[in-house]
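Asks: So I've got this file, upload-v6.csv, and it contains CSV, C-alpha atoms:
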```
chain,number,residue,atom,x,y,z
A,223,MET,CA,-115.1,96.3,126.7
A,224,LYS,CA,-114.2,99.7,125.1
A,225,THR,CA,-113.1,101.0,128.5
A,226,GLU,CA,-110.8,98.1,129.1
A,227,ARG,CA,-109.3,98.4,125.6
A,228,LYS,CA,-108.8,102.2,126.2
A,229,ASP,CA,-107.1,101.5,129.5
A,230,PHE,CA,-104.9,98.9,127.9
A,231,ILE,CA,-103.8,101.2,125.1
A,232,LEU,CA,-103.0,104.0,127.6
A,233,SER,CA,-101.1,101.6,129.9
A,234,ALA,CA,-99.1,100.2,126.9
A,235,ALA,CA,-98.3,103.7,125.6
A,236,PHE,CA,-97.1,104.8,129.0
A,237,CYS,CA,-94.9,101.7,129.4
A,238,ALA,CA,-93.6,102.2,125.8
A,239,PHE,CA,-92.7,105.8,126.7
A,240,LEU,CA,-90.9,104.7,129.8
A,241,ALA,CA,-89.0,102.1,127.8
A,242,VAL,CA,-88.0,104.6,125.2
A,243,MET,CA,-86.8,107.1,127.8
A,244,LEU,CA,-84.8,104.4,129.6
A,245,ALA,CA,-83.2,103.3,126.4
A,246,LEU,CA,-82.3,106.8,125.5
A,247,PHE,CA,-80.9,107.4,128.9
A,248,LEU,CA,-78.7,104.3,128.7
A,249,LEU,CA,-77.6,104.8,125.1
A,250,LEU,CA,-77.2,108.6,124.7
A,251,PRO,CA,-73.8,110.1,125.7
A,252,LYS,CA,-73.9,112.1,128.9
A,253,GLN,CA,-73.0,115.8,128.7
A,254,GLU,CA,-70.6,117.2,131.2
A,255,PHE,CA,-71.7,120.9,130.7
A,256,SER,CA,-75.0,122.5,130.0
A,257,GLU,CA,-74.5,125.3,127.4
A,258,LYS,CA,-77.9,126.9,128.1
A,259,GLU,CA,-77.6,126.8,131.9
A,260,LYS,CA,-73.9,127.6,131.8
A,261,ARG,CA,-73.1,125.0,134.5
A,262,TYR,CA,-71.5,121.6,134.9
A,263,LEU,CA,-74.0,118.8,135.3
A,264,THR,CA,-73.9,116.3,138.1
A,265,LYS,CA,-71.6,113.3,137.7
A,266,MET,CA,-72.5,109.7,138.5
A,267,PRO,CA,-72.1,109.4,142.2
A,268,GLU,CA,-69.6,107.0,143.7
A,269,LEU,CA,-71.2,104.0,145.4
A,270,THR,CA,-69.9,103.7,149.0
A,271,TRP,CA,-71.3,102.3,152.2
A,272,GLU,CA,-70.9,105.7,153.9
A,273,LYS,CA,-73.0,107.5,151.3
A,274,VAL,CA,-75.7,104.8,151.2
A,275,SER,CA,-76.0,104.7,155.0
A,276,SER,CA,-76.2,108.5,155.3
A,277,GLY,CA,-78.7,108.8,152.5
A,278,ALA,CA,-76.3,111.0,150.5
A,279,TYR,CA,-76.0,108.5,147.6
A,280,GLY,CA,-79.8,108.6,147.0
A,281,GLU,CA,-79.7,112.4,146.9
A,282,GLU,CA,-76.7,112.5,144.5
A,283,LEU,CA,-78.2,109.8,142.3
A,284,GLU,CA,-81.5,111.7,142.1
A,285,ALA,CA,-79.6,114.9,141.0
A,286,TYR,CA,-77.7,112.9,138.4
A,287,LEU,CA,-80.8,111.4,136.9
A,288,ALA,CA,-82.5,114.8,136.8
A,289,ASP,CA,-79.5,116.4,135.1
A,290,HIS,CA,-79.3,113.7,132.4
A,291,VAL,CA,-82.9,112.9,131.6
A,292,PRO,CA,-83.3,112.7,127.7
A,293,GLY,CA,-84.6,116.0,126.3
A,294,ARG,CA,-83.9,117.8,129.5
A,295,ASP,CA,-83.4,121.3,127.9
A,296,PHE,CA,-86.8,120.9,126.2
A,297,LEU,CA,-88.6,119.7,129.3
A,298,VAL,CA,-87.1,122.4,131.6
A,299,GLY,CA,-88.0,125.1,129.1
A,300,LEU,CA,-91.5,123.7,128.7
A,301,SER,CA,-92.0,123.8,132.4
A,302,ALA,CA,-90.7,127.4,132.6
A,303,TYR,CA,-93.1,128.6,129.9
A,304,TYR,CA,-96.0,126.8,131.5
A,305,ASP,CA,-95.2,128.8,134.7
A,306,LEU,CA,-95.0,132.0,132.7
A,307,PHE,CA,-98.3,131.5,130.8
A,308,SER,CA,-100.1,130.4,133.9
A,309,ASN,CA,-99.2,133.7,135.6
A,310,ARG,CA,-96.6,132.3,137.9
A,311,GLN,CA,-94.2,135.2,137.7
A,312,VAL,CA,-91.2,133.7,139.3
A,313,ALA,CA,-89.3,131.1,137.2
A,314,ALA,CA,-86.1,129.8,138.9
A,315,GLN,CA,-86.0,133.0,140.9
A,316,VAL,CA,-86.3,135.3,137.9
A,317,TYR,CA,-89.0,137.9,137.2
A,318,VAL,CA,-90.1,138.6,133.6
A,319,ALA,CA,-90.4,142.3,132.6
A,320,GLU,CA,-91.4,144.1,129.4
A,321,GLY,CA,-89.3,143.8,126.3
A,322,ASP,CA,-88.0,140.2,127.0
A,323,ARG,CA,-86.2,141.4,130.1
A,324,LEU,CA,-85.4,138.9,132.9
A,325,VAL,CA,-84.5,140.3,136.3
A,326,GLU,CA,-83.7,138.9,139.7
A,327,PRO,CA,-86.2,139.1,142.5
A,328,PRO,CA,-85.8,141.7,145.3
A,329,VAL,CA,-82.9,141.5,147.7
A,330,LEU,CA,-84.0,140.9,151.3
A,331,TRP,CA,-82.7,143.2,154.1
A,332,GLU,CA,-80.2,141.3,156.2
A,333,GLU,CA,-79.4,143.6,159.1
A,334,ALA,CA,-76.9,141.3,160.9
A,335,ALA,CA,-74.9,140.9,157.7
A,336,ALA,CA,-75.0,144.6,156.9
A,337,VAL,CA,-73.8,145.5,160.5
A,338,LYS,CA,-71.0,142.9,160.3
A,339,ASN,CA,-69.8,144.0,156.8
A,340,MET,CA,-70.0,147.7,157.6
A,341,ALA,CA,-68.0,147.2,160.8
A,342,SER,CA,-65.3,145.7,158.7
A,343,VAL,CA,-65.4,148.5,156.1
A,344,ASN,CA,-65.3,151.2,158.9
A,345,LYS,CA,-62.4,149.5,160.7
A,346,PHE,CA,-60.5,149.2,157.4
A,347,ALA,CA,-61.1,152.8,156.5
A,348,GLU,CA,-59.8,154.1,159.9
A,349,THR,CA,-56.3,152.7,159.2
A,350,ALA,CA,-56.2,152.7,155.4
A,351,GLY,CA,-54.4,156.0,155.1
A,352,SER,CA,-56.2,157.0,151.9
A,353,PRO,CA,-59.7,158.2,151.3
A,354,VAL,CA,-62.2,155.3,151.2
A,355,ASP,CA,-65.4,155.4,149.2
A,356,LEU,CA,-68.3,153.0,149.2
A,357,MET,CA,-70.5,152.4,146.2
A,358,ILE,CA,-73.5,150.0,146.5
A,359,VAL,CA,-75.1,149.2,143.1
A,360,PRO,CA,-78.9,148.9,143.1
A,361,SER,CA,-80.4,146.0,141.2
A,362,ALA,CA,-82.0,146.0,137.7
A,363,GLY,CA,-85.3,145.0,139.2
A,364,PHE,CA,-85.3,148.1,141.4
A,365,VAL,CA,-84.4,150.5,138.6
A,366,LEU,CA,-86.9,148.9,136.2
A,367,GLU,CA,-89.6,147.8,138.7
A,368,ASP,CA,-92.4,149.5,136.8
A,369,THR,CA,-91.7,147.3,133.7
A,370,ILE,CA,-92.1,143.9,135.6
A,371,LEU,CA,-95.1,142.0,134.4
A,372,GLY,CA,-97.7,140.7,136.9
A,373,LEU,CA,-97.6,140.5,140.7
A,374,HIS,CA,-94.2,140.6,142.4
A,375,ASN,CA,-92.6,141.5,145.7
A,376,PRO,CA,-91.6,145.1,146.0
A,377,TYR,CA,-88.0,146.3,145.7
A,378,ARG,CA,-86.5,148.2,148.6
A,379,ASP,CA,-83.1,148.9,147.3
A,380,ASP,CA,-83.2,152.6,148.1
A,381,GLU,CA,-84.2,151.9,151.7
A,382,ILE,CA,-81.6,149.1,152.1
A,383,ILE,CA,-78.8,151.2,150.6
A,384,GLN,CA,-79.8,154.1,152.8
A,385,ASN,CA,-79.6,151.9,155.9
A,386,ILE,CA,-76.1,150.6,154.8
A,387,TYR,CA,-74.8,154.1,154.2
A,388,ALA,CA,-76.2,155.3,157.5
A,389,MET,CA,-73.7,152.8,159.2
A,390,ALA,CA,-70.7,154.4,157.4
A,391,GLY,CA,-68.1,155.9,159.8
A,392,GLU,CA,-66.6,159.4,159.4
A,393,THR,CA,-63.7,157.9,157.3
A,394,VAL,CA,-66.0,156.4,154.6
A,395,ASP,CA,-67.7,158.5,151.9
A,396,CYS,CA,-70.8,157.0,150.2
A,397,VAL,CA,-71.4,157.3,146.5
A,398,ASP,CA,-75.1,157.7,145.5
A,399,LEU,CA,-76.1,155.6,142.5
A,400,ILE,CA,-79.8,155.6,143.1
A,401,GLY,CA,-80.3,159.0,141.4
A,402,PRO,CA,-77.9,158.5,138.4
A,403,LEU,CA,-79.3,155.1,137.6
A,404,ALA,CA,-83.0,155.0,138.7
A,405,GLU,CA,-83.7,158.6,137.5
A,406,SER,CA,-81.8,158.4,134.2
A,407,PRO,CA,-83.9,158.8,131.0
A,408,GLU,CA,-81.8,155.9,129.6
A,409,ARG,CA,-82.5,153.6,132.6
A,410,LYS,CA,-83.8,150.8,130.4
A,411,ALA,CA,-80.3,150.7,128.7
A,412,LEU,CA,-78.3,150.6,131.9
A,413,TYR,CA,-78.8,146.9,132.7
A,414,TYR,CA,-78.8,143.8,130.4
A,415,ARG,CA,-82.1,142.1,129.5
A,416,THR,CA,-80.7,138.6,130.1
A,417,ASP,CA,-78.1,139.2,132.8
A,418,HIS,CA,-78.0,140.7,136.3
A,419,HIS,CA,-75.0,143.0,135.6
A,420,TRP,CA,-75.1,146.6,134.3
A,421,THR,CA,-74.3,147.3,130.7
A,422,SER,CA,-71.3,149.3,129.6
A,423,LEU,CA,-73.6,152.4,129.6
A,424,GLY,CA,-74.6,151.6,133.2
A,425,ALA,CA,-71.0,151.1,134.3
A,426,TYR,CA,-70.1,154.4,132.5
A,427,THR,CA,-72.9,156.2,134.3
A,428,ALA,CA,-71.5,155.0,137.7
A,429,TYR,CA,-68.0,155.9,136.6
A,430,GLY,CA,-69.2,159.4,135.8
A,431,ALA,CA,-71.0,159.7,139.2
A,432,TYR,CA,-67.9,158.6,141.0
A,433,MET,CA,-65.5,160.9,139.1
A,434,GLU,CA,-67.9,163.9,139.7
A,435,ALA,CA,-68.0,163.0,143.4
A,436,LEU,CA,-64.2,163.1,143.5
A,437,GLU,CA,-64.2,166.3,141.3
A,438,ARG,CA,-62.0,164.5,138.7
A,439,ASP,CA,-62.1,164.9,135.0
A,440,TYR,CA,-63.1,161.9,132.8
A,441,PRO,CA,-63.7,161.2,129.1
A,442,ARG,CA,-67.2,162.1,127.8
A,443,ARG,CA,-69.3,159.6,126.0
A,444,GLU,CA,-68.6,161.0,122.5
A,445,GLU,CA,-64.8,160.3,123.1
A,446,PHE,CA,-65.4,156.6,123.1
A,447,GLN,CA,-65.7,154.3,120.1
A,448,ILE,CA,-68.4,151.7,120.8
A,449,GLU,CA,-68.1,148.2,119.4
A,450,GLN,CA,-71.2,145.9,119.6
A,451,ILE,CA,-71.0,142.2,120.1
A,452,GLN,CA,-74.3,140.5,119.2
A,453,ASN,CA,-76.2,137.6,120.8
A,454,PHE,CA,-75.2,137.9,124.4
A,455,GLN,CA,-77.2,135.8,126.8
A,456,GLY,CA,-76.4,136.1,130.4
A,457,SER,CA,-77.0,134.6,133.8
A,458,THR,CA,-80.7,135.4,134.2
A,459,TYR,CA,-81.3,133.8,130.8
A,460,SER,CA,-79.6,130.6,132.0
A,461,ARG,CA,-81.5,130.4,135.2
A,462,SER,CA,-84.9,131.3,133.8
A,463,ALA,CA,-85.0,128.4,131.2
A,464,LEU,CA,-87.0,130.7,129.0
A,465,TRP,CA,-84.9,129.6,126.0
A,466,LEU,CA,-86.9,131.6,123.4
A,467,THR,CA,-85.7,134.9,125.0
A,468,PRO,CA,-83.6,136.6,122.3
A,469,GLY,CA,-80.0,137.6,122.8
A,470,GLU,CA,-78.8,141.2,123.0
A,471,PRO,CA,-75.7,143.4,122.2
A,472,LEU,CA,-72.8,143.5,124.5
A,473,GLU,CA,-70.7,146.7,124.1
A,474,LEU,CA,-67.0,147.4,124.3
A,475,TRP,CA,-66.2,151.1,124.8
A,476,HIS,CA,-62.8,152.1,123.5
A,477,ALA,CA,-61.3,155.3,124.7
A,478,GLY,CA,-58.0,155.0,122.8
A,479,ALA,CA,-55.6,154.7,125.8
A,480,GLU,CA,-52.9,152.1,125.7
A,481,LEU,CA,-53.8,150.0,128.7
A,482,ALA,CA,-52.1,146.8,130.0
A,483,VAL,CA,-53.6,144.3,132.3
A,484,THR,CA,-52.1,141.7,134.6
A,485,ASN,CA,-53.7,139.5,137.2
A,486,GLY,CA,-52.7,137.3,140.1
A,487,GLU,CA,-52.8,134.1,138.2
A,488,ASP,CA,-50.8,135.3,135.2
A,489,GLU,CA,-48.3,138.2,135.5
A,490,THR,CA,-47.8,138.4,131.7
A,491,PRO,CA,-49.2,141.7,130.6
A,492,HIS,CA,-52.3,141.6,128.4
A,493,GLU,CA,-52.7,144.4,125.8
A,494,GLY,CA,-56.0,146.1,126.5
A,495,VAL,CA,-58.9,145.6,129.0
A,496,PHE,CA,-60.9,143.4,126.7
A,497,TYR,CA,-60.1,139.7,126.4
A,498,ARG,CA,-61.6,139.1,123.0
A,499,GLN,CA,-61.0,135.3,123.1
A,500,ARG,CA,-63.8,135.2,125.8
A,501,LEU,CA,-66.3,136.2,123.2
A,502,GLU,CA,-66.0,132.7,121.7
A,503,GLU,CA,-67.1,131.2,125.0
A,504,LEU,CA,-70.5,130.9,126.6
A,505,ASP,CA,-70.0,133.5,129.2
A,506,LYS,CA,-69.2,136.5,127.1
A,507,TYR,CA,-69.3,138.9,130.1
A,508,THR,CA,-65.8,137.7,131.0
A,509,VAL,CA,-64.5,139.7,128.0
A,510,TYR,CA,-64.1,142.5,130.6
A,511,LEU,CA,-60.8,142.0,132.4
A,512,ASP,CA,-61.0,138.2,131.8
A,513,GLY,CA,-63.7,137.9,134.4
A,514,ASN,CA,-63.2,137.3,138.2
A,515,HIS,CA,-59.6,137.1,139.5
A,516,SER,CA,-58.2,137.5,143.0
A,517,ILE,CA,-56.2,140.6,141.9
A,518,VAL,CA,-56.1,142.6,138.6
A,519,ARG,CA,-53.8,145.5,137.8
A,520,ILE,CA,-54.5,147.9,134.9
A,521,GLU,CA,-51.7,150.3,133.9
A,522,ASN,CA,-52.3,153.4,131.9
A,523,PRO,CA,-49.0,155.2,131.0
A,524,GLU,CA,-50.9,158.0,129.4
A,525,ALA,CA,-52.4,159.0,132.8
A,526,ALA,CA,-49.0,159.4,134.5
A,527,GLY,CA,-49.4,161.6,137.5
A,528,GLN,CA,-53.1,161.0,137.9
A,529,GLY,CA,-52.7,158.8,140.9
A,530,ARG,CA,-53.5,155.2,141.8
A,531,LEU,CA,-56.9,153.6,142.6
A,532,LEU,CA,-57.5,150.5,144.7
A,533,VAL,CA,-60.9,148.8,144.1
A,534,ILE,CA,-62.3,146.2,146.5
A,535,ARG,CA,-65.1,144.7,144.5
A,536,ASP,CA,-67.4,142.0,143.0
A,537,SER,CA,-68.0,141.2,139.3
A,538,TYR,CA,-69.8,144.6,138.7
A,539,ALA,CA,-66.3,146.2,138.7
A,540,ASN,CA,-65.1,144.0,135.8
A,541,CYS,CA,-66.8,146.4,133.4
A,542,LEU,CA,-66.5,149.4,135.7
A,543,GLY,CA,-62.7,148.9,135.9
A,544,THR,CA,-62.4,149.3,132.1
A,545,PHE,CA,-63.6,152.9,132.6
A,546,LEU,CA,-61.8,153.7,135.8
A,547,ALA,CA,-58.5,152.9,134.1
A,548,ASN,CA,-58.9,156.0,131.9
A,549,SER,CA,-58.6,158.3,134.9
A,550,TYR,CA,-55.7,156.8,136.9
A,551,GLU,CA,-52.2,155.7,136.0
A,552,SER,CA,-52.9,152.5,137.8
A,553,VAL,CA,-56.0,150.7,139.0
A,554,THR,CA,-55.8,147.6,141.2
A,555,LEU,CA,-58.9,145.5,141.7
A,556,VAL,CA,-59.2,143.0,144.5
A,557,ASP,CA,-61.9,140.3,144.9
A,558,LEU,CA,-62.0,139.1,148.5
A,559,ARG,CA,-63.7,135.9,147.4
A,560,TYR,CA,-60.4,134.8,145.9
A,561,TYR,CA,-57.8,137.1,147.4
A,562,LYS,CA,-56.7,135.7,150.8
A,563,LYS,CA,-53.8,138.0,151.7
A,564,PRO,CA,-54.3,141.1,154.0
A,565,VAL,CA,-55.3,144.1,151.9
A,566,SER,CA,-53.1,146.1,154.2
A,567,GLU,CA,-50.1,144.6,152.5
A,568,LEU,CA,-51.1,146.3,149.3
A,569,LEU,CA,-51.4,149.6,151.1
A,570,GLU,CA,-47.9,149.2,152.4
A,571,GLN,CA,-46.5,148.4,149.0
A,572,GLU,CA,-48.2,151.2,147.1
A,573,ASP,CA,-49.5,154.7,147.8
A,574,TYR,CA,-53.1,154.8,146.6
A,575,THR,CA,-54.8,158.1,145.8
A,576,ASN,CA,-58.3,156.6,146.4
A,577,ILE,CA,-59.8,153.4,147.6
A,578,LEU,CA,-63.2,152.3,146.3
A,579,LEU,CA,-65.4,149.5,147.6
A,580,CYS,CA,-67.9,148.6,144.8
A,581,TYR,CA,-70.5,145.9,145.4
A,582,SER,CA,-73.9,145.1,144.1
A,583,ILE,CA,-76.6,145.3,146.7
A,584,GLY,CA,-77.1,141.5,146.8
A,585,ASN,CA,-73.4,140.7,147.1
A,586,PHE,CA,-72.8,143.2,149.9
A,587,LEU,CA,-75.5,141.6,152.0
A,588,THR,CA,-74.4,138.0,151.3
A,589,ASP,CA,-70.6,138.1,150.8
A,590,ALA,CA,-69.1,136.6,153.9
A,591,ASN,CA,-65.6,137.5,152.8
A,592,ILE,CA,-65.9,141.2,153.5
A,593,ILE,CA,-65.1,140.5,157.1
A,594,TRP,CA,-61.5,139.6,156.0
A,595,LEU,CA,-61.0,143.2,154.8
A,596,ARG,CA,-57.9,144.1,156.9
```
Output the file's structure as structure tokens, nothing else.

Replies:
Amino acid sequence: MKTERKDFILSAAFCAFLAVMLALFLLLPKQEFSEKEKRYLTKMPELTWEKVSSGAYGEELEAYLADHVPGRDFLVGLSAYYDLFSNRQVAAQVYVAEGDRLVEPPVLWEEAAAVKNMASVNKFAETAGSPVDLMIVPSAGFVLEDTILGLHNPYRDDEIIQNIYAMAGETVDCVDLIGPLAESPERKALYYRTDHHWTSLGAYTAYGAYMEALERDYPRREEFQIEQIQNFQGSTYSRSALWLTPGEPLELWHAGAELAVTNGEDETPHEGVFYRQRLEELDKYTVYLDGNHSIVRIENPEAAGQGRLLVIRDSYANCLGTFLANSYESVTLVDLRYYKKPVSELLEQEDYTNILLCYSIGNFLTDANIIWLR
């Protein structure tokens, strides 16, 4: 009798829970955007015969229900912390390291992709008419591997970058960042704790390494005024669902030069390389040069006569570009993910002193747009 009563209570409680969740799902407004995950949530799929017959409707409906379940942020976070405390190191493809640091797992060597992309780089360099330099940025996980908690797959960034650089032709000079970053006494401050990008100090370190490779002068650290913006939470935070991870400072380094920025979408000059309005948004990293654009131009009248730099890049150069602009009268940054014109047209229009290709190790091995470098 007691067993039957217990089973009845449990069944009734479970049914009540389902009823409450259903009611909440039907009554609560549906969010379009997840602030914590920094992504748009799935919309209610359109019911069509084609989708039903192909099975696509069921998949889209399942994604919609998962994105809009009541209390989703809490449930996702609870699952992530359960994985963490049960010694499952990877949460949503993020490793946990000392000091509330979240890093991406190791990049896998993709020989076919590396061969294809380096063939495009070499071919471009042969006809560019200006010196071409290649800078591959190692990951935070590689630089800080000894701080990662628990078991994890090994990082091979040094071997991978060495393999990539070995494919460089005679017209491509390779910039070493393994030493300046991985062997720096400040290496823990060179990458964000909650984002995959390097910090301003990390970008400045790469900037210095590049200028020294070119034997060019550049401002020393003490010449910058550093402004800190608090409570930055980046991409690895959003993917990890470890919502209790504290934010961190994001720094703006001011060198004093009067810089003006234009981009392909808006030719109106913007005063300065920092778009402060972006600090009010969720993705504060876009404060640097307004984030990703097809083409960005930075003009520095105070560096007249110092030459022009063309940068073929990914998002790591958003912050790096704010430093490079201090050493050239003009810096043009091109993102091949969005820029669909031949880069050779730019070379015909302007005489560049140097050309730099700057990519994170992961993007260089996965970006299928590098083959359009021509």

Asks: Could you list, as a tab-separated table (two decimals) with C-alpha atoms, keeping the file's coordinate frame, every residue within 8 Å of stretch 561-577 of chain A, counting only C-alpha atoms and ignoring same-chain residues fewer than 4 positions away?

Replies:
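selection.tsv written:
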```tsv
chain	number	residue	atom	x	y	z
A	350	ALA	CA	-56.20	152.70	155.40
A	352	SER	CA	-56.20	157.00	151.90
A	353	PRO	CA	-59.70	158.20	151.30
A	354	VAL	CA	-62.20	155.30	151.20
A	355	ASP	CA	-65.40	155.40	149.20
A	516	SER	CA	-58.20	137.50	143.00
A	517	ILE	CA	-56.20	140.60	141.90
A	529	GLY	CA	-52.70	158.80	140.90
A	530	ARG	CA	-53.50	155.20	141.80
A	531	LEU	CA	-56.90	153.60	142.60
A	532	LEU	CA	-57.50	150.50	144.70
A	533	VAL	CA	-60.90	148.80	144.10
A	534	ILE	CA	-62.30	146.20	146.50
A	556	VAL	CA	-59.20	143.00	144.50
A	557	ASP	CA	-61.90	140.30	144.90
A	594	TRP	CA	-61.50	139.60	156.00
A	595	LEU	CA	-61.00	143.20	154.80
A	596	ARG	CA	-57.90	144.10	156.90
```

Asks: For A:Leu481, which of A:Glu524, A:Asp368, A:Glu434, A:Asp322 is the closest residue, counting only C-alpha atoms?

Replies: A:Glu524

Asks: Measuring between only C-alpha atoms, which one of A:Thr270, A:Asn344, A:Asn522, A:Asn339 shows the shortest distance to A:Asp589?

Replies: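 Using only C-alpha atoms, A:Asp589 sits closest to A:Asn339.
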
Asks: Given the choices A:Gly321, A:Thr467, A:Ala390, A:Arg438, which gets closest to A:Ser342 if the distance is worked out from only C-alpha atoms?

Replies: A:Ala390

Asks: Find the residue from A:Ile583, A:Ile400, A:Gly456, A:Ala590 that sits nearest to A:Pro328; use all atoms listed in the file when measuring.

Replies: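 Under the stated criterion, the closest residue is A:Ile583.
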
Asks: Between A:Phe454, A:Phe364, A:Tyr432, A:Tyr413, single out the one closest to A:Val397, counting all atoms listed in the file.

Replies: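 Residue with the minimum atom-to-atom distance to A:Val397: A:Tyr432.
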
Asks: Using all atoms listed in the file, which residue out of A:Thr421, A:Thr588, A:Gln315, A:Thr484 lies closest to A:Ser552?

Replies: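 Among the listed residues, A:Thr484 lies closest to A:Ser552.
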
Asks: If I take atom CA of A:Glu551 and atom CA of A:Tyr497, how far is one from the other in Å, to one decimal?

Replies: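 So the two atoms, atom CA of A:Glu551 and atom CA of A:Tyr497, lie 20.3 Å apart.
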
Asks: If I take atom CA of A:Leu472 and atom CA of A:Thr508, how far is one from the other in Å, to one decimal?

Replies: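 Value for the atom CA of A:Leu472-atom CA of A:Thr508 distance: 11.2 Å.
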
Asks: Give me, please, the distance in Å between atom CA of A:Arg409 and atom CA of A:Tyr426, quoted to one decimal.

Replies: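 Atom CA of A:Tyr426 lies 12.4 Å from atom CA of A:Arg409.
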
Asks: Env of A:Tyr507: 10 Å cut, atoms = all atoms listed in the file, seq-sep filter 2 positions within chain, self excluded. Answer as a PDB file with C-alpha atoms, in the coordinates of the input.

Replies:
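What ended up in out_22.pdb:
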```pdb
ATOM      1  CA  ASP A 417     -78.100 139.200 132.800  1.00  0.00           C
ATOM      2  CA  HIS A 419     -75.000 143.000 135.600  1.00  0.00           C
ATOM      3  CA  THR A 421     -74.300 147.300 130.700  1.00  0.00           C
ATOM      4  CA  PHE A 454     -75.200 137.900 124.400  1.00  0.00           C
ATOM      5  CA  GLN A 455     -77.200 135.800 126.800  1.00  0.00           C
ATOM      6  CA  GLY A 456     -76.400 136.100 130.400  1.00  0.00           C
ATOM      7  CA  SER A 457     -77.000 134.600 133.800  1.00  0.00           C
ATOM      8  CA  LEU A 472     -72.800 143.500 124.500  1.00  0.00           C
ATOM      9  CA  GLU A 473     -70.700 146.700 124.100  1.00  0.00           C
ATOM     10  CA  TYR A 497     -60.100 139.700 126.400  1.00  0.00           C
ATOM     11  CA  ARG A 500     -63.800 135.200 125.800  1.00  0.00           C
ATOM     12  CA  LEU A 501     -66.300 136.200 123.200  1.00  0.00           C
ATOM     13  CA  GLU A 503     -67.100 131.200 125.000  1.00  0.00           C
ATOM     14  CA  LEU A 504     -70.500 130.900 126.600  1.00  0.00           C
ATOM     15  CA  ASP A 505     -70.000 133.500 129.200  1.00  0.00           C
ATOM     16  CA  VAL A 509     -64.500 139.700 128.000  1.00  0.00           C
ATOM     17  CA  TYR A 510     -64.100 142.500 130.600  1.00  0.00           C
ATOM     18  CA  LEU A 511     -60.800 142.000 132.400  1.00  0.00           C
ATOM     19  CA  ASP A 512     -61.000 138.200 131.800  1.00  0.00           C
ATOM     20  CA  GLY A 513     -63.700 137.900 134.400  1.00  0.00           C
ATOM     21  CA  SER A 537     -68.000 141.200 139.300  1.00  0.00           C
ATOM     22  CA  ASN A 540     -65.100 144.000 135.800  1.00  0.00           C
ATOM     23  CA  CYS A 541     -66.800 146.400 133.400  1.00  0.00           C
TER      24      CYS A 541
END
```

Asks: For stretch 488-494 of chain A, please output as an MDAnalysis selection string all residues within 12 Å (counting only C-alpha atoms; exclusion window: fewer than 2 positions along the same chain).

Replies: chainID A and resid 474:486 496:499 509:512 515:522 543:545 547:548

Asks: Could I see stretch 463-474 of chain A restored to N, CA and C atoms, set down as a PDB file, in the coordinates of the input?

Replies:
```
ATOM      1  N   ALA A 463     -84.602 129.446 132.147  1.00  0.00           N
ATOM      2  CA  ALA A 463     -85.000 128.400 131.200  1.00  0.00           C
ATOM      3  C   ALA A 463     -86.015 128.851 130.192  1.00  0.00           C
ATOM      4  N   LEU A 464     -86.144 130.150 130.033  1.00  0.00           N
ATOM      5  CA  LEU A 464     -87.000 130.700 129.000  1.00  0.00           C
ATOM      6  C   LEU A 464     -86.141 130.839 127.724  1.00  0.00           C
ATOM      7  N   TRP A 465     -85.940 129.700 127.063  1.00  0.00           N
ATOM      8  CA  TRP A 465     -84.900 129.600 126.000  1.00  0.00           C
ATOM      9  C   TRP A 465     -85.266 130.396 124.764  1.00  0.00           C
ATOM     10  N   LEU A 466     -86.492 130.851 124.625  1.00  0.00           N
ATOM     11  CA  LEU A 466     -86.900 131.600 123.400  1.00  0.00           C
ATOM     12  C   LEU A 466     -86.531 133.112 123.587  1.00  0.00           C
ATOM     13  N   THR A 467     -86.045 133.509 124.760  1.00  0.00           N
ATOM     14  CA  THR A 467     -85.700 134.900 125.000  1.00  0.00           C
ATOM     15  C   THR A 467     -84.487 135.261 124.062  1.00  0.00           C
ATOM     16  N   PRO A 468     -84.628 136.278 123.227  1.00  0.00           N
ATOM     17  CA  PRO A 468     -83.600 136.600 122.300  1.00  0.00           C
ATOM     18  C   PRO A 468     -82.335 137.185 122.984  1.00  0.00           C
ATOM     19  N   GLY A 469     -81.194 137.062 122.321  1.00  0.00           N
ATOM     20  CA  GLY A 469     -80.000 137.600 122.800  1.00  0.00           C
ATOM     21  C   GLY A 469     -79.976 139.156 122.669  1.00  0.00           C
ATOM     22  N   GLU A 470     -78.888 139.788 123.075  1.00  0.00           N
ATOM     23  CA  GLU A 470     -78.800 141.200 123.000  1.00  0.00           C
ATOM     24  C   GLU A 470     -77.358 141.668 122.783  1.00  0.00           C
ATOM     25  N   PRO A 471     -77.125 142.921 122.459  1.00  0.00           N
ATOM     26  CA  PRO A 471     -75.700 143.400 122.200  1.00  0.00           C
ATOM     27  C   PRO A 471     -74.978 143.527 123.530  1.00  0.00           C
ATOM     28  N   LEU A 472     -73.709 143.260 123.463  1.00  0.00           N
ATOM     29  CA  LEU A 472     -72.800 143.500 124.500  1.00  0.00           C
ATOM     30  C   LEU A 472     -71.756 144.531 123.939  1.00  0.00           C
ATOM     31  N   GLU A 473     -71.507 145.631 124.638  1.00  0.00           N
ATOM     32  CA  GLU A 473     -70.700 146.700 124.100  1.00  0.00           C
ATOM     33  C   GLU A 473     -69.324 146.816 124.681  1.00  0.00           C
ATOM     34  N   LEU A 474     -68.355 147.101 123.824  1.00  0.00           N
ATOM     35  CA  LEU A 474     -67.000 147.400 124.300  1.00  0.00           C
ATOM     36  C   LEU A 474     -66.715 148.847 123.936  1.00  0.00           C
TER      37      LEU A 474
END
```
